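> Got target17.txt for you, compact mmCIF, C-alpha atoms:
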# COMPACT_ATOMS: atom_id res chain seq x y z
CA MET K 29 -8.76 7.07 -37.09
CA SER K 30 -5.32 7.77 -38.54
CA LYS K 31 -2.29 6.51 -36.70
CA LYS K 32 -0.39 9.85 -36.71
CA ILE K 33 -1.18 12.34 -33.97
CA LEU K 34 0.39 15.43 -32.40
CA ILE K 35 0.23 16.00 -28.63
CA THR K 36 0.96 19.41 -27.09
CA GLY K 37 2.13 19.51 -23.48
CA CYS K 38 3.47 15.99 -24.05
CA ALA K 39 5.90 16.07 -21.09
CA GLY K 40 3.28 17.07 -18.55
CA PHE K 41 1.30 14.85 -16.20
CA ILE K 42 -1.65 14.13 -18.48
CA GLY K 43 0.31 14.59 -21.71
CA SER K 44 3.04 12.04 -20.95
CA ASN K 45 0.47 9.49 -19.82
CA LEU K 46 -1.45 9.97 -23.07
CA VAL K 47 1.76 9.61 -25.07
CA ASP K 48 2.34 6.21 -23.48
CA PHE K 49 -1.33 5.26 -23.88
CA PHE K 50 -1.46 6.05 -27.61
CA LEU K 51 1.94 4.48 -28.26
CA SER K 52 0.51 1.28 -26.74
CA LYS K 53 -2.28 1.57 -29.34
CA LYS K 54 0.38 1.66 -32.13
CA TYR K 55 0.01 5.36 -32.99
CA SER K 56 2.88 7.50 -34.30
CA ILE K 57 3.22 10.65 -32.21
CA ILE K 58 4.84 14.07 -32.48
CA GLY K 59 5.07 15.62 -29.03
CA ILE K 60 5.66 19.33 -28.34
CA ASP K 61 6.63 20.76 -24.95
CA ASN K 62 8.86 23.63 -23.85
CA LEU K 63 9.55 21.86 -20.50
CA SER K 64 8.62 24.94 -18.48
CA THR K 65 6.57 22.66 -16.24
CA GLY K 66 6.78 19.33 -18.08
CA LYS K 67 9.40 16.75 -17.10
CA ILE K 68 11.58 15.08 -19.72
CA LYS K 69 11.89 12.09 -17.36
CA PHE K 70 8.20 11.39 -17.94
CA LEU K 71 9.05 10.64 -21.57
CA ASN K 72 11.89 8.21 -20.86
CA ASP K 73 10.00 5.20 -22.22
CA ALA K 74 8.46 7.10 -25.12
CA LEU K 75 11.83 8.41 -26.28
CA LYS K 76 12.95 4.82 -26.81
CA SER K 77 10.19 4.33 -29.37
CA LYS K 78 10.72 4.95 -33.08
CA LYS K 79 7.08 6.02 -33.24
CA PHE K 80 7.66 9.07 -31.00
CA ILE K 81 9.32 12.36 -32.00
CA PHE K 82 9.85 15.03 -29.34
CA LYS K 83 10.08 18.75 -30.12
CA ASN K 84 11.25 21.15 -27.39
CA GLU K 85 9.50 24.30 -28.59
CA ASP K 86 7.40 27.18 -27.29
CA LEU K 87 3.89 27.09 -28.75
CA LEU K 88 3.71 30.89 -28.62
CA LYS K 89 6.33 30.99 -31.39
CA TYR K 90 4.08 30.21 -34.31
CA SER K 91 6.69 30.26 -37.08
CA ARG K 92 8.72 27.62 -35.22
CA ILE K 93 5.90 25.15 -34.64
CA LYS K 94 3.58 25.37 -37.66
CA ASN K 95 5.48 22.86 -39.82
CA PHE K 96 5.24 20.15 -37.15
CA PHE K 97 1.55 19.80 -38.06
CA SER K 98 2.26 18.56 -41.58
CA ASN K 99 0.62 15.19 -42.34
CA VAL K 100 -0.94 14.99 -38.88
CA GLU K 101 -4.50 13.63 -38.67
CA LEU K 102 -5.35 14.46 -35.05
CA VAL K 103 -4.10 17.06 -32.55
CA ILE K 104 -4.47 16.43 -28.81
CA HIS K 105 -4.03 19.88 -27.28
CA LEU K 106 -3.13 19.65 -23.59
CA SER K 107 -0.60 22.45 -23.19
CA ALA K 108 -1.83 25.11 -20.76
CA ASN K 109 -1.11 27.12 -17.66
CA ALA K 110 -2.98 24.98 -15.15
CA ASP K 111 -2.32 26.87 -11.92
CA VAL K 112 -5.81 28.16 -11.16
CA ARG K 113 -4.94 29.52 -7.75
CA LEU K 114 -2.26 31.98 -8.88
CA GLY K 115 -4.28 33.44 -11.77
CA PRO K 116 -4.81 36.88 -10.18
CA GLU K 117 -1.05 37.24 -9.68
CA HIS K 118 -0.33 37.01 -13.41
CA PRO K 119 -3.57 37.61 -15.36
CA LYS K 120 -1.90 37.61 -18.80
CA LYS K 121 -0.42 34.15 -18.31
CA ASP K 122 -3.77 32.39 -18.73
CA LEU K 123 -4.53 34.55 -21.76
CA GLU K 124 -1.21 33.73 -23.42
CA GLN K 125 -0.74 30.09 -22.44
CA ASN K 126 -4.37 28.97 -22.77
CA LEU K 127 -6.00 31.20 -25.39
CA ILE K 128 -3.23 32.59 -27.63
CA VAL K 129 -1.52 29.20 -27.77
CA THR K 130 -4.83 27.60 -28.76
CA SER K 131 -5.16 30.20 -31.54
CA ASN K 132 -1.68 29.22 -32.78
CA ILE K 133 -2.61 25.53 -32.72
CA LEU K 134 -5.76 26.15 -34.75
CA GLU K 135 -3.92 28.28 -37.30
CA ALA K 136 -1.24 25.61 -37.71
CA MET K 137 -4.02 23.06 -38.22
CA ARG K 138 -5.72 25.27 -40.80
CA GLU K 139 -2.50 25.84 -42.75
CA ASN K 140 -1.70 22.12 -42.76
CA ASN K 141 -5.28 20.94 -43.38
CA VAL K 142 -5.55 19.06 -40.07
CA LYS K 143 -9.22 18.36 -39.43
CA LYS K 144 -9.44 16.84 -35.92
CA ILE K 145 -8.62 18.23 -32.47
CA VAL K 146 -9.02 17.05 -28.90
CA PHE K 147 -9.00 19.91 -26.40
CA SER K 148 -8.54 19.62 -22.65
CA SER K 149 -10.97 22.07 -21.13
CA THR K 150 -12.09 22.07 -17.51
CA GLY K 151 -15.03 21.76 -15.17
CA SER K 152 -14.02 25.23 -13.98
CA VAL K 153 -15.84 26.71 -16.99
CA TYR K 154 -19.08 26.03 -15.08
CA GLY K 155 -18.00 28.60 -12.48
CA GLU K 156 -20.31 28.64 -9.47
CA ALA K 157 -22.63 26.00 -10.89
CA THR K 158 -26.18 25.70 -9.52
CA GLU K 159 -26.95 22.24 -10.94
CA PHE K 160 -25.30 19.07 -9.59
CA PRO K 161 -24.12 16.83 -11.07
CA THR K 162 -23.45 19.50 -13.69
CA PRO K 163 -24.36 18.56 -17.31
CA GLU K 164 -22.70 19.91 -20.43
CA ASN K 165 -25.74 22.04 -21.33
CA THR K 166 -26.18 23.70 -17.92
CA PHE K 167 -26.79 27.43 -17.60
CA PHE K 168 -23.39 29.15 -17.58
CA PRO K 169 -22.85 31.51 -14.64
CA ILE K 170 -20.39 34.38 -14.37
CA GLN K 171 -16.80 33.15 -14.58
CA THR K 172 -14.80 33.19 -11.34
CA SER K 173 -11.24 32.32 -12.43
CA PHE K 174 -8.81 33.51 -15.07
CA TYR K 175 -8.10 29.86 -15.86
CA GLY K 176 -11.74 28.93 -16.44
CA SER K 177 -12.32 32.09 -18.48
CA SER K 178 -9.36 31.39 -20.75
CA LYS K 179 -10.43 27.78 -21.25
CA LEU K 180 -13.98 28.85 -22.11
CA GLY K 181 -12.57 31.37 -24.58
CA ALA K 182 -10.49 28.61 -26.16
CA GLU K 183 -13.58 26.41 -26.44
CA ALA K 184 -15.38 29.22 -28.29
CA LEU K 185 -12.43 29.72 -30.64
CA ILE K 186 -12.28 26.00 -31.43
CA SER K 187 -16.02 25.97 -32.13
CA ALA K 188 -15.65 28.94 -34.49
CA TYR K 189 -12.81 27.20 -36.39
CA SER K 190 -14.96 24.08 -36.56
CA HIS K 191 -17.79 26.00 -38.22
CA ALA K 192 -15.52 28.01 -40.53
CA PHE K 193 -13.01 25.37 -41.63
CA GLY K 194 -14.68 21.99 -41.14
CA ILE K 195 -12.55 20.97 -38.16
CA LYS K 196 -14.03 18.21 -36.00
CA CYS K 197 -13.45 18.75 -32.29
CA TRP K 198 -13.78 16.85 -29.03
CA ILE K 199 -13.81 19.30 -26.12
CA PHE K 200 -13.36 17.51 -22.81
CA ARG K 201 -14.27 19.28 -19.58
CA PHE K 202 -12.13 17.56 -16.97
CA VAL K 203 -12.36 17.42 -13.24
CA SER K 204 -8.92 17.34 -11.58
CA VAL K 205 -6.89 14.29 -12.58
CA LEU K 206 -4.80 12.17 -10.18
CA GLY K 207 -2.28 9.36 -10.56
CA PRO K 208 1.35 8.69 -11.56
CA ARG K 209 3.33 11.77 -12.74
CA TYR K 210 1.01 14.16 -10.90
CA THR K 211 3.14 17.25 -10.22
CA HIS K 212 0.89 20.02 -8.91
CA GLY K 213 -2.36 20.39 -7.06
CA HIS K 214 -3.74 19.76 -3.61
CA ILE K 215 -1.96 16.43 -2.99
CA VAL K 216 1.47 17.93 -3.70
CA ASP K 217 0.60 20.94 -1.54
CA PHE K 218 -0.44 18.77 1.42
CA TYR K 219 2.50 16.42 0.92
CA LYS K 220 4.93 19.33 1.16
CA LYS K 221 3.20 20.72 4.26
CA ILE K 222 3.40 17.35 5.98
CA LEU K 223 7.14 17.11 5.22
CA LYS K 224 7.83 20.53 6.76
CA LYS K 225 8.77 20.86 10.42
CA ASN K 226 5.66 22.91 11.19
CA LYS K 227 3.41 21.27 13.77
CA VAL K 228 0.21 22.12 11.88
CA ILE K 229 -1.20 21.89 8.37
CA ASN K 230 -2.82 25.12 7.23
CA VAL K 231 -5.64 24.33 4.82
CA LEU K 232 -7.07 26.78 2.28
CA GLY K 233 -10.81 27.02 2.83
CA ASP K 234 -12.93 25.22 5.43
CA GLY K 235 -12.09 21.73 4.14
CA ASN K 236 -15.67 21.02 3.13
CA GLN K 237 -15.09 21.82 -0.53
CA LYS K 238 -16.48 18.92 -2.58
CA LYS K 239 -14.29 17.71 -5.43
CA SER K 240 -14.75 14.89 -7.92
CA TYR K 241 -11.31 13.64 -8.97
CA ILE K 242 -10.50 11.01 -11.60
CA HIS K 243 -7.52 8.72 -12.15
CA ILE K 244 -5.36 9.31 -15.23
CA SER K 245 -5.92 5.78 -16.55
CA ASP K 246 -9.70 6.31 -16.49
CA CYS K 247 -9.21 9.71 -18.13
CA ALA K 248 -7.15 8.27 -21.00
CA ASP K 249 -9.70 5.51 -21.56
CA ALA K 250 -12.54 8.06 -21.60
CA ILE K 251 -10.80 10.10 -24.30
CA TYR K 252 -10.06 7.04 -26.43
CA LYS K 253 -13.62 5.68 -26.24
CA SER K 254 -15.10 9.12 -26.95
CA LEU K 255 -13.03 9.55 -30.10
CA LYS K 256 -14.48 6.34 -31.45
CA TYR K 257 -18.07 6.96 -30.32
CA PHE K 258 -18.88 10.66 -30.80
CA LYS K 259 -18.99 11.69 -34.45
CA ASP K 260 -20.51 15.20 -34.45
CA SER K 261 -18.49 18.15 -35.73
CA ILE K 262 -18.46 19.66 -32.21
CA ASN K 263 -18.47 17.23 -29.29
CA ILE K 264 -18.47 18.63 -25.73
CA ILE K 265 -18.04 15.93 -23.09
CA ASN K 266 -17.58 15.96 -19.32
CA ILE K 267 -14.93 13.64 -17.89
CA GLY K 268 -15.42 13.06 -14.20
CA HIS K 269 -16.36 10.55 -11.54
CA ASN K 270 -19.73 9.52 -10.17
CA GLN K 271 -18.24 9.98 -6.69
CA PHE K 272 -16.91 13.07 -4.90
CA ILE K 273 -14.93 13.63 -1.71
CA THR K 274 -14.25 16.61 0.51
CA VAL K 275 -10.85 18.24 0.95
CA LYS K 276 -10.90 16.99 4.55
CA GLN K 277 -11.41 13.39 3.40
CA SER K 278 -8.55 13.66 0.93
CA LEU K 279 -6.23 15.19 3.53
CA ASN K 280 -7.09 12.52 6.09
CA ARG K 281 -6.17 9.79 3.60
CA ILE K 282 -2.89 11.56 2.73
CA LYS K 283 -2.02 11.92 6.43
CA LEU K 284 -2.77 8.23 7.00
CA LEU K 285 -0.53 7.17 4.11
CA MET K 286 2.28 9.44 5.33
CA LYS K 287 1.80 8.44 8.99
CA SER K 288 1.31 12.08 9.96
CA GLU K 289 -0.43 13.19 13.16
CA LYS K 290 -0.20 16.92 12.45
CA LYS K 291 -3.17 19.03 13.41
CA GLU K 292 -5.19 20.68 10.63
CA ILE K 293 -6.13 24.35 10.79
CA TYR K 294 -8.96 25.39 8.47
CA GLN K 295 -10.07 28.83 7.35
CA LYS K 296 -13.55 30.15 8.06
CA LYS K 297 -14.51 30.49 4.41
CA ILE K 298 -15.86 28.10 1.81
CA ARG K 299 -13.34 29.00 -0.92
CA GLY K 300 -9.62 28.36 -0.67
CA TRP K 301 -8.69 31.14 -3.10
CA VAL K 302 -10.17 33.48 -5.68
CA GLY K 303 -11.74 31.28 -8.36
CA ASP K 304 -11.93 28.15 -6.19
CA ASN K 305 -15.26 26.46 -6.83
CA PRO K 306 -16.42 24.88 -3.55
CA TYR K 307 -18.38 22.13 -5.28
CA ILE K 308 -17.35 20.43 -8.53
CA HIS K 309 -19.26 17.33 -9.58
CA LEU K 310 -19.86 16.79 -13.30
CA ASP K 311 -22.68 14.84 -14.91
CA ILE K 312 -21.06 12.00 -16.92
CA LYS K 313 -24.16 10.35 -18.41
CA LYS K 314 -23.13 11.48 -21.90
CA LEU K 315 -19.67 9.93 -21.54
CA LYS K 316 -21.16 6.67 -20.26
CA ARG K 317 -22.94 6.20 -23.60
CA THR K 318 -19.58 5.00 -24.91
CA GLY K 319 -19.59 2.09 -22.47
CA TRP K 320 -16.99 3.84 -20.31
CA LYS K 321 -17.14 3.97 -16.54
CA PRO K 322 -14.46 4.85 -13.96
CA LYS K 323 -12.63 1.79 -12.66
CA ILE K 324 -10.70 3.47 -9.83
CA LYS K 325 -12.37 4.97 -6.77
CA ILE K 326 -11.35 8.51 -5.80
CA LEU K 327 -9.62 7.60 -2.54
CA GLU K 328 -7.74 4.83 -4.39
CA ALA K 329 -6.61 7.49 -6.89
CA VAL K 330 -5.43 9.66 -3.98
CA GLU K 331 -3.47 6.71 -2.60
CA ASP K 332 -1.89 5.92 -5.98
CA THR K 333 -0.83 9.57 -6.31
CA VAL K 334 0.73 9.71 -2.85
CA ASN K 335 2.64 6.48 -3.52
CA PHE K 336 3.96 7.93 -6.78
CA ILE K 337 5.20 11.06 -4.97
CA LYS K 338 6.83 8.93 -2.25
CA ASN K 339 8.83 7.12 -4.92
CA ASN K 340 9.59 10.29 -6.90
CA GLU K 341 10.16 13.09 -4.43
CA TRP K 342 12.37 14.80 -7.01
CA ILE K 343 9.16 16.30 -8.47
CA LEU K 344 8.78 18.40 -5.30
CA LYS K 345 11.93 20.41 -6.03
Could you render the structure as structure tokens?

Amino acid sequence: MSKKILITGCAGFIGSNLVDFFLSKKYSIIGIDNLSTGKIKFLNDALKSKKFIFKNEDLLKYSRIKNFFSNVELVIHLSANADVRLGPEHPKKDLEQNLIVTSNILEAMRENNVKKIVFSSTGSVYGEATEFPTPENTFFPIQTSFYGSSKLGAEALISAYSHAFGIKCWIFRFVSVLGPRYTHGHIVDFYKKILKKNKVINVLGDGNQKKSYIHISDCADAIYKSLKYFKDSINIINIGHNQFITVKQSLNRIKLLMKSEKKEIYQKKIRGWVGDNPYIHLDIKKLKRTGWKPKIKILEAVEDTVNFIKNNEWILK
């Protein structure tokens, strides 16, 4: 694999961790982020490296970003609107940030003859799955979230470009990722609720939702090993954990770490919001062919995330 890559969403949680990971592997990196949700502080170490170039640009502005793809061998496309819960409040946001941006990335690749792309998709594309753990070739149900729909559309677009223009792709369907630089999701939500003066913690859903989280270090390692192992033109790979926990279990661990005795109040419904999938547990047998396996248990990942937030409460503002 070439040593020059481009990472979109490079200042985000996953993006900044991958920047550091690939810099440690001696890659040269161009990173693009408009800092709408990304944090420039996450790139403090990377910005000291001569092998990293940062571009503060909006990926919707094609004419401004297309030349950045010159002489790049691999694109790692992470930029997206990742707020699943608020999708119905701004339906076009997922379309623009997840699908139109992906179209721009693919066009820039085509114009600059870039032939390899990693895409961060999601386990949400499986919607209300009926098979657990859920394999990559499961029957696809009706989509339930704007986020999942836009990601599935982006997968289809990438596949079409692969067939038409000889682009090799690695499409990773992630479960939710935890760890240092985590900035949004259930742990931040619960952390904020515990800090408030309210005497109770209101929980979306009944707390029995089953989720299979993964630590960012295991995620980065899974991507790296997959790039070396899977050689097909279109590679679709789940990244998840062989464990899962409930929302209640996660909240109890967060409360313990924060020494909170607040009472929890749950809703009498299995979904926390429109598009919330009450059970996400991906089959990772395909990924394990690479020799990869998760090293960090889910509750350990929760603990690592809480400790990061404790030491960086500025991300809550």
> Measuring between all atoms listed in the file, which one of K:Val228, K:Val205, K:Ile81, K:Leu315 shows the shortest distance to Lys256 (chain K)?
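Closest to Lys256 (chain K), using all atoms listed in the file: K:Leu315.
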> Between K:Asp249, K:Glu85, K:Asp304, K:Asp311, which has the minimum distance to His269 (chain K) (counting all atoms listed in the file)?
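With all atoms listed in the file as the atom set, the closest residue is K:Asp311.
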> Which residue gives the smallest distance to Ser148 (chain K) among K:Gln237, K:Ser204, K:Thr318, K:Thr65, with all atoms listed in the file counted?
K:Ser204
> Separation of CA of Pro116 (chain K) and CA of Gly176 (chain K), in Å?
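One can read the CA of Pro116 (chain K) to CA of Gly176 (chain K) distance as 12.3 Å.
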> Between CA of Lys227 (chain K) and CA of Gly300 (chain K), what is the distance, to one decimal in Å?
20.7 Å
> So which one's closest to Gly37 (chain K), K:Phe272, K:Phe82, K:Phe218, K:Phe49? Using only C-alpha atoms, please.
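Among the listed residues, K:Phe82 lies closest to Gly37 (chain K).
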> I'd like the neighbourhood of Ala39 (chain K) as number ranges by chain, where a residue qualifies if any of its atoms comes within 12 Å (using only C-alpha atoms), though same-chain residues fewer than 3 positions away should be ignored.
K: 35-36, 42-48, 58-75, 82-85, 106-108, 209-211
> Since the input is missing atoms for region 40-73 of chain K, could you rebuild it with N, CA and C atoms and give the result as a PDB file, in the coordinates of the input?

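Written out: part06.pdb:
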ATOM      1  N   GLY K  40       4.000  16.805 -19.790  1.00  0.00           N
ATOM      2  CA  GLY K  40       3.280  17.070 -18.550  1.00  0.00           C
ATOM      3  C   GLY K  40       2.666  15.807 -17.981  1.00  0.00           C
ATOM      4  N   PHE K  41       1.948  15.964 -16.892  1.00  0.00           N
ATOM      5  CA  PHE K  41       1.300  14.850 -16.200  1.00  0.00           C
ATOM      6  C   PHE K  41       0.347  14.094 -17.124  1.00  0.00           C
ATOM      7  N   ILE K  42      -0.675  14.787 -17.615  1.00  0.00           N
ATOM      8  CA  ILE K  42      -1.650  14.130 -18.480  1.00  0.00           C
ATOM      9  C   ILE K  42      -1.031  13.816 -19.836  1.00  0.00           C
ATOM     10  N   GLY K  43      -0.267  14.761 -20.384  1.00  0.00           N
ATOM     11  CA  GLY K  43       0.310  14.590 -21.710  1.00  0.00           C
ATOM     12  C   GLY K  43       1.196  13.372 -21.823  1.00  0.00           C
ATOM     13  N   SER K  44       2.112  13.175 -20.872  1.00  0.00           N
ATOM     14  CA  SER K  44       3.040  12.040 -20.950  1.00  0.00           C
ATOM     15  C   SER K  44       2.306  10.714 -20.787  1.00  0.00           C
ATOM     16  N   ASN K  45       1.269  10.709 -19.952  1.00  0.00           N
ATOM     17  CA  ASN K  45       0.470   9.490 -19.820  1.00  0.00           C
ATOM     18  C   ASN K  45      -0.271   9.169 -21.107  1.00  0.00           C
ATOM     19  N   LEU K  46      -0.771  10.202 -21.798  1.00  0.00           N
ATOM     20  CA  LEU K  46      -1.450   9.970 -23.070  1.00  0.00           C
ATOM     21  C   LEU K  46      -0.480   9.552 -24.166  1.00  0.00           C
ATOM     22  N   VAL K  47       0.738  10.074 -24.116  1.00  0.00           N
ATOM     23  CA  VAL K  47       1.760   9.610 -25.070  1.00  0.00           C
ATOM     24  C   VAL K  47       1.948   8.110 -24.926  1.00  0.00           C
ATOM     25  N   ASP K  48       2.147   7.639 -23.703  1.00  0.00           N
ATOM     26  CA  ASP K  48       2.340   6.210 -23.480  1.00  0.00           C
ATOM     27  C   ASP K  48       1.095   5.413 -23.878  1.00  0.00           C
ATOM     28  N   PHE K  49      -0.079   5.957 -23.561  1.00  0.00           N
ATOM     29  CA  PHE K  49      -1.330   5.260 -23.880  1.00  0.00           C
ATOM     30  C   PHE K  49      -1.477   5.079 -25.392  1.00  0.00           C
ATOM     31  N   PHE K  50      -1.267   6.156 -26.164  1.00  0.00           N
ATOM     32  CA  PHE K  50      -1.460   6.050 -27.610  1.00  0.00           C
ATOM     33  C   PHE K  50      -0.330   5.297 -28.301  1.00  0.00           C
ATOM     34  N   LEU K  51       0.870   5.328 -27.731  1.00  0.00           N
ATOM     35  CA  LEU K  51       1.940   4.480 -28.260  1.00  0.00           C
ATOM     36  C   LEU K  51       1.566   3.002 -28.096  1.00  0.00           C
ATOM     37  N   SER K  52       0.923   2.677 -26.969  1.00  0.00           N
ATOM     38  CA  SER K  52       0.510   1.280 -26.740  1.00  0.00           C
ATOM     39  C   SER K  52      -0.566   0.858 -27.728  1.00  0.00           C
ATOM     40  N   LYS K  53      -1.257   1.847 -28.330  1.00  0.00           N
ATOM     41  CA  LYS K  53      -2.280   1.570 -29.340  1.00  0.00           C
ATOM     42  C   LYS K  53      -1.696   1.633 -30.758  1.00  0.00           C
ATOM     43  N   LYS K  54      -0.353   1.705 -30.841  1.00  0.00           N
ATOM     44  CA  LYS K  54       0.380   1.660 -32.130  1.00  0.00           C
ATOM     45  C   LYS K  54       0.267   2.946 -32.950  1.00  0.00           C
ATOM     46  N   TYR K  55       0.032   4.081 -32.305  1.00  0.00           N
ATOM     47  CA  TYR K  55       0.010   5.360 -32.990  1.00  0.00           C
ATOM     48  C   TYR K  55       1.428   5.910 -33.136  1.00  0.00           C
ATOM     49  N   SER K  56       1.662   6.695 -34.178  1.00  0.00           N
ATOM     50  CA  SER K  56       2.880   7.500 -34.300  1.00  0.00           C
ATOM     51  C   SER K  56       2.574   8.877 -33.736  1.00  0.00           C
ATOM     52  N   ILE K  57       3.510   9.423 -32.948  1.00  0.00           N
ATOM     53  CA  ILE K  57       3.220  10.650 -32.210  1.00  0.00           C
ATOM     54  C   ILE K  57       4.342  11.675 -32.365  1.00  0.00           C
ATOM     55  N   ILE K  58       3.949  12.919 -32.624  1.00  0.00           N
ATOM     56  CA  ILE K  58       4.840  14.070 -32.480  1.00  0.00           C
ATOM     57  C   ILE K  58       4.432  14.773 -31.193  1.00  0.00           C
ATOM     58  N   GLY K  59       5.366  14.958 -30.282  1.00  0.00           N
ATOM     59  CA  GLY K  59       5.070  15.620 -29.030  1.00  0.00           C
ATOM     60  C   GLY K  59       5.782  16.954 -28.930  1.00  0.00           C
ATOM     61  N   ILE K  60       5.071  17.992 -28.500  1.00  0.00           N
ATOM     62  CA  ILE K  60       5.660  19.330 -28.340  1.00  0.00           C
ATOM     63  C   ILE K  60       5.529  19.763 -26.888  1.00  0.00           C
ATOM     64  N   ASP K  61       6.635  20.245 -26.320  1.00  0.00           N
ATOM     65  CA  ASP K  61       6.630  20.760 -24.950  1.00  0.00           C
ATOM     66  C   ASP K  61       7.850  21.642 -24.776  1.00  0.00           C
ATOM     67  N   ASN K  62       7.694  22.771 -24.090  1.00  0.00           N
ATOM     68  CA  ASN K  62       8.860  23.630 -23.850  1.00  0.00           C
ATOM     69  C   ASN K  62       9.525  23.336 -22.497  1.00  0.00           C
ATOM     70  N   LEU K  63       8.994  22.333 -21.777  1.00  0.00           N
ATOM     71  CA  LEU K  63       9.550  21.860 -20.500  1.00  0.00           C
ATOM     72  C   LEU K  63       9.581  22.933 -19.417  1.00  0.00           C
ATOM     73  N   SER K  64       8.706  23.928 -19.542  1.00  0.00           N
ATOM     74  CA  SER K  64       8.620  24.940 -18.480  1.00  0.00           C
ATOM     75  C   SER K  64       8.037  24.323 -17.213  1.00  0.00           C
ATOM     76  N   THR K  65       7.098  23.418 -17.381  1.00  0.00           N
ATOM     77  CA  THR K  65       6.570  22.660 -16.240  1.00  0.00           C
ATOM     78  C   THR K  65       6.627  21.150 -16.500  1.00  0.00           C
ATOM     79  N   GLY K  66       6.681  20.745 -17.749  1.00  0.00           N
ATOM     80  CA  GLY K  66       6.780  19.330 -18.080  1.00  0.00           C
ATOM     81  C   GLY K  66       8.132  18.758 -17.683  1.00  0.00           C
ATOM     82  N   LYS K  67       8.184  17.446 -17.544  1.00  0.00           N
ATOM     83  CA  LYS K  67       9.400  16.750 -17.100  1.00  0.00           C
ATOM     84  C   LYS K  67       9.860  15.777 -18.181  1.00  0.00           C
ATOM     85  N   ILE K  68      11.068  15.965 -18.668  1.00  0.00           N
ATOM     86  CA  ILE K  68      11.580  15.080 -19.720  1.00  0.00           C
ATOM     87  C   ILE K  68      11.672  13.642 -19.228  1.00  0.00           C
ATOM     88  N   LYS K  69      11.839  13.446 -17.909  1.00  0.00           N
ATOM     89  CA  LYS K  69      11.890  12.090 -17.360  1.00  0.00           C
ATOM     90  C   LYS K  69      10.592  11.325 -17.618  1.00  0.00           C
ATOM     91  N   PHE K  70       9.485  12.045 -17.702  1.00  0.00           N
ATOM     92  CA  PHE K  70       8.200  11.390 -17.940  1.00  0.00           C
ATOM     93  C   PHE K  70       8.138  10.755 -19.325  1.00  0.00           C
ATOM     94  N   LEU K  71       9.043  11.161 -20.200  1.00  0.00           N
ATOM     95  CA  LEU K  71       9.050  10.640 -21.570  1.00  0.00           C
ATOM     96  C   LEU K  71      10.151   9.606 -21.802  1.00  0.00           C
ATOM     97  N   ASN K  72      10.770   9.145 -20.729  1.00  0.00           N
ATOM     98  CA  ASN K  72      11.890   8.210 -20.860  1.00  0.00           C
ATOM     99  C   ASN K  72      11.536   6.989 -21.707  1.00  0.00           C
ATOM    100  N   ASP K  73      10.396   6.383 -21.443  1.00  0.00           N
ATOM    101  CA  ASP K  73      10.000   5.200 -22.220  1.00  0.00           C
ATOM    102  C   ASP K  73       9.623   5.578 -23.643  1.00  0.00           C
TER     103      ASP K  73
END
